[in-house]
Amino acid sequence: MTLTIATSLDEVLSAMANGARPIAGGTDLVVGARQGKVTLPADLVAIDRVTELATVATNDGTIRIGAGVTHADLLTNDIVVRQLTSIADAAALVGSPATRNVGTIGGNVMNGSPAMDTGAPLMVLGANAALTTPSGTREVALADLWTGPGQTSANADELCTALVLPQPPQSSGSAYVRLEYRRAMEIAVVGAAAAVTLDGDSISSVKVALTAVAPTIIEVDGLNSLVGSPANDKAFEAIAEAARQQARPISDLRASERYRRHTIGVMARRAAHAASVRASGQTIEVPVNRAFGIGENPENIR
Amino acid sequence: MSTNEQAVTLEVNRVSYAVQVPMGSNLSGVLRNTVGLTGTKEGCDDCECGACMVLLDGQPVNSCSYLAVQAQGRQITTVEGLADGDELHALQRNILEAGGVQCGFCTPGMLMSARALLDRTPNPTDDEIRIGLSGNLCRCTGYAKIIEAVRETAVQL
Ligand SMILES: Cc1cc2nc3c(=O)[nH]c(=O)nc-3n(C[C@H](O)[C@H](O)[C@H](O)COP(=O)(O)OP(=O)(O)OC[C@H]3O[C@@H](n4cnc5c(N)ncnc54)[C@H](O)[C@@H]3O)c2cc1C
Ligand code: FES
Ligand code: FES
């Protein structure tokens with residue numbers, strides 16, 4: 001058993017070509033291994049010191065978020081906070097300061113949990129995962145990457161190097177809200193992200209994705225019919241109804257199927273509302289969850 | 001050395017320790033049992049309670065769930081590194097004076113999170129203090145006196 005501490009991308013890729021598995025913050029991998037849910041891979045390559053993976057950059061209409069960018073870094077990155085605000089909303093909710101300091105967006109995405117918080121924002125913002133081996137890089141849409149709980153379509157030797165997103169157009173905004181029972185160290189009971197682009201007061205594009213109501217993060221279908229409608233309560237209620245219909249939640253000790261189906265509508269409506277407010281140029285502080293008081297008082301969840 | 005062990009050098013409170021550790025060992029276990037610094041506590045061993053909080057390059061990390069071998073090359077600070085000789089750190093003095101220590105099991109972790117918070121945010125609001133300590137559970141004090149101690153330290157430093 002070995003752990004190699006890599007300092008360059010080439011080192012990571014050649015270790016992985018020889019069978020090593022990547023570890024970034026270890027907040028899923030090591031915690032899971034200590035709980036006995038997974039076995040720690042025999043050979044690991046630590047990617048947390050590879051600076052090429054730890055940057056956010058814009059280039060020619062696209063934004064690349066390095067897979068090694070931590071949740072704490074997402075929260076202080078200007079590009080993310082201004083243009084991809086829903087990702088910051090999500091990063092702010094992850095665990096505690098300690099989790100956010102070492103936990104990465106690449107680890108969140110590649111761990112493939114249906115409750116991952118950055119997943120729904122990435123999906124509504126149209127992100128692809130860049131998967132790299134020594135012979136090249138391919139980009140995969142997130143809907144094709146996540147194949148089930150804890151499962152991805154990536155090959156064992158493929159490193160996620162970045163999440164690649166189109167730069168959102170003018171008059172766009174996005175938001176992510178999750179239902180939580182307390183303000184920290186929580187897992188999403190359900191969650192929703194929305195990205196809205198406005199033309200005056202009316203919707204020119206809207207996307208919504210849902211957390212923890214299906215085996216993977218899912219995008220809500222059929223919202224194109226709202227294009228051209230005003231961004232008002234009627235539109236937000238239509239989004240809530242579509243979310244309730246398309247959710248396939250389970251019952252577990254955290255919530256019943258029925259409660260999840262009801263609250264996913266509430267979260268979708270609020271995400272769409274907050275995204276529209278941001279698209280109109282007004283600021284709602286990150287994370288939106290705090291602005292709505294979710295996790296503080298059950299009365300705030302209606 | 002079994003094939004399962006790796007020779008690593010850990011920098012703890014500015015002292016180098018050359019140790020042999022099984023690859024899967026957690027940092028808290030190595031700090032306590034191999035390095036011999038038992039100030040860091042293990043409560044849940046599941047990344048939930050924060051008793052094991054140490055600083056890696058100044059940032060808080062749950063050492064119960066962090067591989068010791070992955071901490072090579074980073075500056076590790078434990079609660080033993082807070083005081084300056086016999087002189088307690090202001091956070092230590094204030095948490096004692098405010099009555100923020102009862103059984104004391106959470107205290108080392110609380111102090112490390114508070115230290116990282118004040119390094120980053122020298123004048124935190126109460127909400128920022130709560131967020132800064134949100135990964136640390138205390139079953140005794142009810143938190144109010146711990147928050148008071150952090151607030152008081154911010155004023156003094
Ligand atoms: C106390 C606690 C609270 C948490 N709270 C939340 C929360 O609120 N919301 C949430 O979404 N998550 C939460 N998590 C889960 C976890 O912190 C996040 O998913 C985090 O982003 C994982 O990142 P990491 O760098 O630690 O991943 P690691 O544990 O290092 O890796 C996770 C998996 O992804 C693989 N991997 C990592 N990076 C890459 C890459 N670049 N390419 C290919 N594969 C890769 C690893 O091999 C491993 O299988 C929490 C965890 C803990 C311990
Ligand atoms: S012992 Fe590490 S968080 Fe509880
Ligand atoms: S003083 Fe006992 S747990 Fe905090």
# chains A, B, ... in the order shown; residues from 1 in each chain; ligands from 1

call {"tool": "interface_residues", "arguments": {"of": "chain A", "to": "chain B", "cutoff": "6 Å", "atoms": "only C-alpha atoms", "output": "MDAnalysis selection string"}}
result
chainID A and resid 1 30:31 96 98

call {"tool": "closest_atom_pairs", "arguments": {"of": "chain B", "to": "ligand 3", "cutoff": "7 Å", "atoms": "only C-alpha atoms and all ligand atoms", "output": "JSON lines"}}
result
{"residue": "B:Gly100", "atom": "CA", "partner": "ligand 3", "partner_atom_place_in_ligand_line": "1 (S)", "distance": 6.8}
{"residue": "B:Val101", "atom": "CA", "partner": "ligand 3", "partner_atom_place_in_ligand_line": "1 (S)", "distance": 4.6}
{"residue": "B:Gln102", "atom": "CA", "partner": "ligand 3", "partner_atom_place_in_ligand_line": "1 (S)", "distance": 4.0}
{"residue": "B:Cys103", "atom": "CA", "partner": "ligand 3", "partner_atom_place_in_ligand_line": "2 (Fe)", "distance": 3.9}
{"residue": "B:Gly104", "atom": "CA", "partner": "ligand 3", "partner_atom_place_in_ligand_line": "1 (S)", "distance": 4.2}
{"residue": "B:Phe105", "atom": "CA", "partner": "ligand 3", "partner_atom_place_in_ligand_line": "3 (S)", "distance": 5.1}
{"residue": "B:Cys106", "atom": "CA", "partner": "ligand 3", "partner_atom_place_in_ligand_line": "4 (Fe)", "distance": 4.4}
{"residue": "B:Thr107", "atom": "CA", "partner": "ligand 3", "partner_atom_place_in_ligand_line": "4 (Fe)", "distance": 6.0}
{"residue": "B:Leu137", "atom": "CA", "partner": "ligand 3", "partner_atom_place_in_ligand_line": "3 (S)", "distance": 6.8}
{"residue": "B:Cys138", "atom": "CA", "partner": "ligand 3", "partner_atom_place_in_ligand_line": "4 (Fe)", "distance": 3.7}
{"residue": "B:Arg139", "atom": "CA", "partner": "ligand 3", "partner_atom_place_in_ligand_line": "3 (S)", "distance": 4.2}
{"residue": "B:Cys140", "atom": "CA", "partner": "ligand 3", "partner_atom_place_in_ligand_line": "2 (Fe)", "distance": 4.3}
{"residue": "B:Thr141", "atom": "CA", "partner": "ligand 3", "partner_atom_place_in_ligand_line": "1 (S)", "distance": 5.6}

call {"tool": "select_by_dssp", "arguments": {"residues": "range 57-90 of chain B", "states": "strand (DSSP E or B)", "output": "PyMOL selection string"}}
result
chain B and resi 59-62+67+75-77+84+87

call {"tool": "write_last_selection", "arguments": {"atoms": "all heavy atoms", "output": "CSV table (one decimal), in the first residue's frame"}}
result
chain,number,residue,atom,x,y,z
B,59,GLN,N,-5.1,25.8,8.7
B,59,GLN,CA,-6.5,25.6,8.5
B,59,GLN,C,-7.0,24.4,9.3
B,59,GLN,O,-6.4,23.4,9.3
B,59,GLN,CB,-6.8,25.4,7.0
B,59,GLN,CG,-6.4,26.5,6.1
B,59,GLN,CD,-7.2,27.8,6.3
B,59,GLN,OE1,-8.3,27.8,6.8
B,59,GLN,NE2,-6.6,28.9,5.9
B,60,PRO,N,-8.2,24.5,9.8
B,60,PRO,CA,-8.7,23.4,10.6
B,60,PRO,C,-9.0,22.1,9.8
B,60,PRO,O,-9.6,22.3,8.7
B,60,PRO,CB,-10.0,23.9,11.3
B,60,PRO,CG,-10.4,25.1,10.4
B,60,PRO,CD,-9.2,25.6,9.8
B,61,VAL,N,-8.7,21.0,10.4
B,61,VAL,CA,-8.9,19.7,9.7
B,61,VAL,C,-9.4,18.7,10.8
B,61,VAL,O,-8.8,18.7,11.9
B,61,VAL,CB,-7.6,19.2,9.0
B,61,VAL,CG1,-7.8,17.7,8.6
B,61,VAL,CG2,-7.3,20.0,7.8
B,62,ASN,N,-10.3,17.8,10.5
B,62,ASN,CA,-10.7,16.8,11.4
B,62,ASN,C,-9.6,15.7,11.3
B,62,ASN,O,-9.7,14.9,10.3
B,62,ASN,CB,-12.1,16.2,11.0
B,62,ASN,CG,-13.2,17.2,11.2
B,62,ASN,OD1,-13.6,17.8,10.2
B,62,ASN,ND2,-13.6,17.4,12.4
B,67,LEU,N,-5.7,11.1,6.6
B,67,LEU,CA,-4.6,10.1,6.6
B,67,LEU,C,-3.4,10.8,7.0
B,67,LEU,O,-3.0,11.8,6.5
B,67,LEU,CB,-4.4,9.5,5.2
B,67,LEU,CG,-5.6,8.7,4.6
B,67,LEU,CD1,-5.2,8.2,3.2
B,67,LEU,CD2,-5.9,7.5,5.5
B,75,GLN,N,2.5,22.0,7.8
B,75,GLN,CA,2.7,22.4,9.2
B,75,GLN,C,1.5,22.0,10.0
B,75,GLN,O,0.4,22.5,9.7
B,75,GLN,CB,2.9,23.9,9.3
B,75,GLN,CG,4.2,24.4,8.6
B,75,GLN,CD,5.4,24.0,9.4
B,75,GLN,OE1,5.4,23.7,10.6
B,75,GLN,NE2,6.5,23.8,8.6
B,76,ILE,N,1.7,21.1,10.9
B,76,ILE,CA,0.6,20.6,11.8
B,76,ILE,C,0.6,21.4,13.1
B,76,ILE,O,1.7,21.5,13.7
B,76,ILE,CB,0.7,19.1,12.0
B,76,ILE,CG1,0.7,18.3,10.7
B,76,ILE,CG2,-0.5,18.6,12.9
B,76,ILE,CD1,1.2,16.9,10.9
B,77,THR,N,-0.5,22.0,13.5
B,77,THR,CA,-0.5,22.6,14.8
B,77,THR,C,-1.6,21.9,15.7
B,77,THR,O,-2.7,21.8,15.2
B,77,THR,CB,-0.9,24.1,14.7
B,77,THR,OG1,-0.1,24.7,13.7
B,77,THR,CG2,-0.6,24.8,16.0
B,84,ASP,N,2.7,29.6,24.6
B,84,ASP,CA,4.1,30.0,24.3
B,84,ASP,C,4.9,29.7,25.6
B,84,ASP,O,4.9,30.4,26.6
B,84,ASP,CB,4.1,31.5,24.0
B,84,ASP,CG,5.6,32.0,23.7
B,84,ASP,OD1,6.5,31.1,23.6
B,84,ASP,OD2,5.7,33.2,23.6
B,87,GLU,N,3.3,30.3,29.0
B,87,GLU,CA,2.4,31.4,28.9
B,87,GLU,C,1.2,30.9,28.0
B,87,GLU,O,1.4,30.6,26.8
B,87,GLU,CB,3.1,32.5,28.1
B,87,GLU,CG,2.3,33.8,27.9
B,87,GLU,CD,2.2,34.6,29.2
B,87,GLU,OE1,3.0,34.4,30.2
B,87,GLU,OE2,1.2,35.4,29.3

call {"tool": "select_by_dssp", "arguments": {"residues": "range 72-183 of chain A", "states": "alpha helix (DSSP H)", "output": "PyMOL selection string"}}
result
chain A and resi 72-76+78-83+85-93+97-102+105-111+119-124+142-145

call {"tool": "closest_residue", "arguments": {"among": "A:Val124, A:Val81, A:Ala67, A:Ile284", "to": "ligand 1", "atoms": "only C-alpha atoms and all ligand atoms"}}
result
A:Ala67

call {"tool": "closest_residue", "arguments": {"among": "A:Pro114, A:Gly136, A:Gly281, A:Pro22", "to": "ligand 1", "atoms": "only C-alpha atoms and all ligand atoms"}}
result
A:Pro22

call {"tool": "atom_distance", "arguments": {"atom1": "CA of Asn128 in chain A", "atom2": "CA of Ile47 in chain A"}}
result
20.2 Å

call {"tool": "residues_around", "arguments": {"residues": "Lys207 in chain A", "least_positions_apart": "6", "cutoff": "10 Å", "atoms": "only C-alpha atoms", "output": "ChimeraX atom specification"}}
result
/A:121,123-126,174,193-197,219-224,239,272

call {"tool": "write_last_selection", "arguments": {"atoms": "all heavy atoms", "output": "tab-separated table (two decimals), in the first residue's frame"}}
result
chain	number	residue	atom	x	y	z
A	121	PRO	N	-26.48	22.70	-8.74
A	121	PRO	CA	-26.03	23.96	-9.36
A	121	PRO	C	-25.21	23.73	-10.63
A	121	PRO	O	-25.43	24.40	-11.64
A	121	PRO	CB	-25.17	24.61	-8.26
A	121	PRO	CG	-25.65	24.03	-6.99
A	121	PRO	CD	-26.14	22.64	-7.30
A	123	MET	N	-25.37	21.32	-12.65
A	123	MET	CA	-26.23	20.83	-13.73
A	123	MET	C	-27.01	21.97	-14.37
A	123	MET	O	-27.07	22.07	-15.60
A	123	MET	CB	-27.16	19.77	-13.17
A	123	MET	CG	-27.71	18.87	-14.24
A	123	MET	SD	-28.48	17.47	-13.42
A	123	MET	CE	-28.09	16.19	-14.58
A	124	VAL	N	-27.62	22.84	-13.56
A	124	VAL	CA	-28.42	23.93	-14.17
A	124	VAL	C	-27.53	24.94	-14.89
A	124	VAL	O	-27.98	25.63	-15.80
A	124	VAL	CB	-29.32	24.67	-13.15
A	124	VAL	CG1	-30.39	23.72	-12.60
A	124	VAL	CG2	-28.53	25.32	-12.02
A	125	LEU	N	-26.28	25.00	-14.51
A	125	LEU	CA	-25.36	25.92	-15.19
A	125	LEU	C	-24.72	25.27	-16.41
A	125	LEU	O	-23.87	25.87	-17.06
A	125	LEU	CB	-24.30	26.42	-14.19
A	125	LEU	CG	-24.86	27.31	-13.07
A	125	LEU	CD1	-23.83	27.48	-11.95
A	125	LEU	CD2	-25.28	28.67	-13.62
A	126	GLY	N	-25.09	24.03	-16.71
A	126	GLY	CA	-24.64	23.38	-17.94
A	126	GLY	C	-23.21	22.88	-17.90
A	126	GLY	O	-22.53	22.84	-18.93
A	174	SER	N	-28.51	32.53	-10.59
A	174	SER	CA	-28.77	31.16	-10.17
A	174	SER	C	-28.77	31.10	-8.65
A	174	SER	O	-28.22	31.98	-7.98
A	174	SER	CB	-27.74	30.19	-10.75
A	174	SER	OG	-26.46	30.42	-10.19
A	193	ALA	N	-31.69	23.54	-7.31
A	193	ALA	CA	-30.96	24.66	-7.91
A	193	ALA	C	-31.76	25.16	-9.09
A	193	ALA	O	-32.42	24.38	-9.78
A	193	ALA	CB	-29.58	24.22	-8.38
A	194	ALA	N	-31.68	26.47	-9.33
A	194	ALA	CA	-32.32	27.05	-10.52
A	194	ALA	C	-31.37	28.04	-11.16
A	194	ALA	O	-30.62	28.72	-10.46
A	194	ALA	CB	-33.62	27.74	-10.14
A	195	ALA	N	-31.40	28.09	-12.49
A	195	ALA	CA	-30.69	29.12	-13.23
A	195	ALA	C	-31.71	29.78	-14.15
A	195	ALA	O	-32.44	29.08	-14.88
A	195	ALA	CB	-29.55	28.51	-14.05
A	196	VAL	N	-31.78	31.09	-14.07
A	196	VAL	CA	-32.80	31.84	-14.82
A	196	VAL	C	-32.11	32.94	-15.62
A	196	VAL	O	-31.20	33.60	-15.12
A	196	VAL	CB	-33.83	32.47	-13.85
A	196	VAL	CG1	-34.77	33.42	-14.58
A	196	VAL	CG2	-34.61	31.39	-13.11
A	197	THR	N	-32.54	33.12	-16.86
A	197	THR	CA	-32.13	34.29	-17.64
A	197	THR	C	-33.40	35.07	-17.97
A	197	THR	O	-34.41	34.47	-18.34
A	197	THR	CB	-31.39	33.88	-18.93
A	197	THR	OG1	-30.32	33.02	-18.59
A	197	THR	CG2	-30.83	35.10	-19.65
A	219	GLU	N	-32.35	16.67	-13.63
A	219	GLU	CA	-32.83	17.96	-14.13
A	219	GLU	C	-34.33	17.85	-14.39
A	219	GLU	O	-34.81	16.82	-14.85
A	219	GLU	CB	-32.08	18.34	-15.42
A	219	GLU	CG	-32.43	19.74	-15.85
A	219	GLU	CD	-31.54	20.30	-16.96
A	219	GLU	OE1	-30.42	19.80	-17.17
A	219	GLU	OE2	-32.01	21.25	-17.62
A	220	VAL	N	-35.06	18.91	-14.06
A	220	VAL	CA	-36.51	18.92	-14.28
A	220	VAL	C	-36.78	19.16	-15.76
A	220	VAL	O	-36.27	20.13	-16.34
A	220	VAL	CB	-37.18	20.00	-13.40
A	220	VAL	CG1	-38.68	20.06	-13.68
A	220	VAL	CG2	-36.93	19.72	-11.93
A	221	ASP	N	-37.57	18.29	-16.37
A	221	ASP	CA	-37.92	18.40	-17.80
A	221	ASP	C	-39.12	19.30	-18.00
A	221	ASP	O	-39.93	19.47	-17.09
A	221	ASP	CB	-38.34	17.02	-18.34
A	221	ASP	CG	-37.16	16.13	-18.58
A	221	ASP	OD1	-36.06	16.66	-18.79
A	221	ASP	OD2	-37.36	14.89	-18.55
A	222	GLY	N	-39.27	19.77	-19.22
A	222	GLY	CA	-40.53	20.40	-19.63
A	222	GLY	C	-40.70	21.84	-19.20
A	222	GLY	O	-41.82	22.35	-19.24
A	223	LEU	N	-39.62	22.49	-18.80
A	223	LEU	CA	-39.78	23.88	-18.34
A	223	LEU	C	-39.73	24.88	-19.50
A	223	LEU	O	-39.96	26.07	-19.28
A	223	LEU	CB	-38.73	24.22	-17.29
A	223	LEU	CG	-38.76	23.37	-16.01
A	223	LEU	CD1	-37.70	23.85	-15.03
A	223	LEU	CD2	-40.14	23.41	-15.36
A	224	ASN	N	-39.43	24.40	-20.72
A	224	ASN	CA	-39.35	25.33	-21.85
A	224	ASN	C	-40.65	26.07	-22.11
A	224	ASN	O	-40.65	27.17	-22.65
A	224	ASN	CB	-38.93	24.59	-23.13
A	224	ASN	CG	-37.42	24.39	-23.14
A	224	ASN	OD1	-36.72	25.04	-22.36
A	224	ASN	ND2	-36.94	23.51	-24.00
A	239	ILE	N	-43.13	25.52	-11.68
A	239	ILE	CA	-41.84	24.84	-11.47
A	239	ILE	C	-41.94	23.89	-10.28
A	239	ILE	O	-41.50	22.73	-10.34
A	239	ILE	CB	-40.72	25.89	-11.29
A	239	ILE	CG1	-40.45	26.58	-12.63
A	239	ILE	CG2	-39.45	25.25	-10.72
A	239	ILE	CD1	-39.58	27.81	-12.54
A	272	ALA	N	-36.05	28.99	-7.77
A	272	ALA	CA	-36.41	29.74	-8.98
A	272	ALA	C	-36.66	31.21	-8.66
A	272	ALA	O	-36.23	32.11	-9.40
A	272	ALA	CB	-37.66	29.11	-9.62

call {"tool": "residues_around", "arguments": {"residues": "Leu157 in chain B", "least_positions_apart": "5", "cutoff": "12 Å", "atoms": "only C-alpha atoms", "output": "ChimeraX atom specification"}}
result
/B:89-91,94,115,118-119,121-123,150-152

call {"tool": "closest_residue", "arguments": {"among": "B:Ala51, B:Ile146, B:Ile95, B:Met110", "to": "ligand 2", "atoms": "only C-alpha atoms and all ligand atoms"}}
result
B:Ala51

call {"tool": "residues_around", "arguments": {"residues": "Glu80 in chain B", "least_positions_apart": "4", "cutoff": "9 Å", "atoms": "only C-alpha atoms", "output": "list in words"}}
result
Asn13, Leu37, Thr38, Gly39, Thr40 and Pro108 of chain B

call {"tool": "residues_around", "arguments": {"residues": "Ser225 in chain A", "least_positions_apart": "6", "cutoff": "12 Å", "atoms": "only C-alpha atoms", "output": "list in words"}}
result
Ile203, Ser204, Ser205, Val206, Lys207, Ala235, Ala238, Ile239 and Ala242 of chain A

call {"tool": "closest_residue", "arguments": {"among": "B:Val8, B:Ala114, B:Ile147, B:Cys44", "to": "ligand 1", "atoms": "only C-alpha atoms and all ligand atoms"}}
result
B:Cys44

call {"tool": "closest_residue", "arguments": {"among": "A:Ala255, A:Ile23, A:Ala141, A:Ala130", "to": "Glu158 in chain A", "atoms": "only C-alpha atoms"}}
result
A:Ala130

call {"tool": "closest_residue", "arguments": {"among": "A:Leu40, A:Ala214, A:Gly95, A:Leu122", "to": "ligand 2", "atoms": "only C-alpha atoms and all ligand atoms"}}
result
A:Gly95

call {"tool": "atom_distance", "arguments": {"atom1": "atom 33 (C, counted along the ligand's line) of ligand 1", "atom2": "CA of Gly107 in chain A"}}
result
4.7 Å
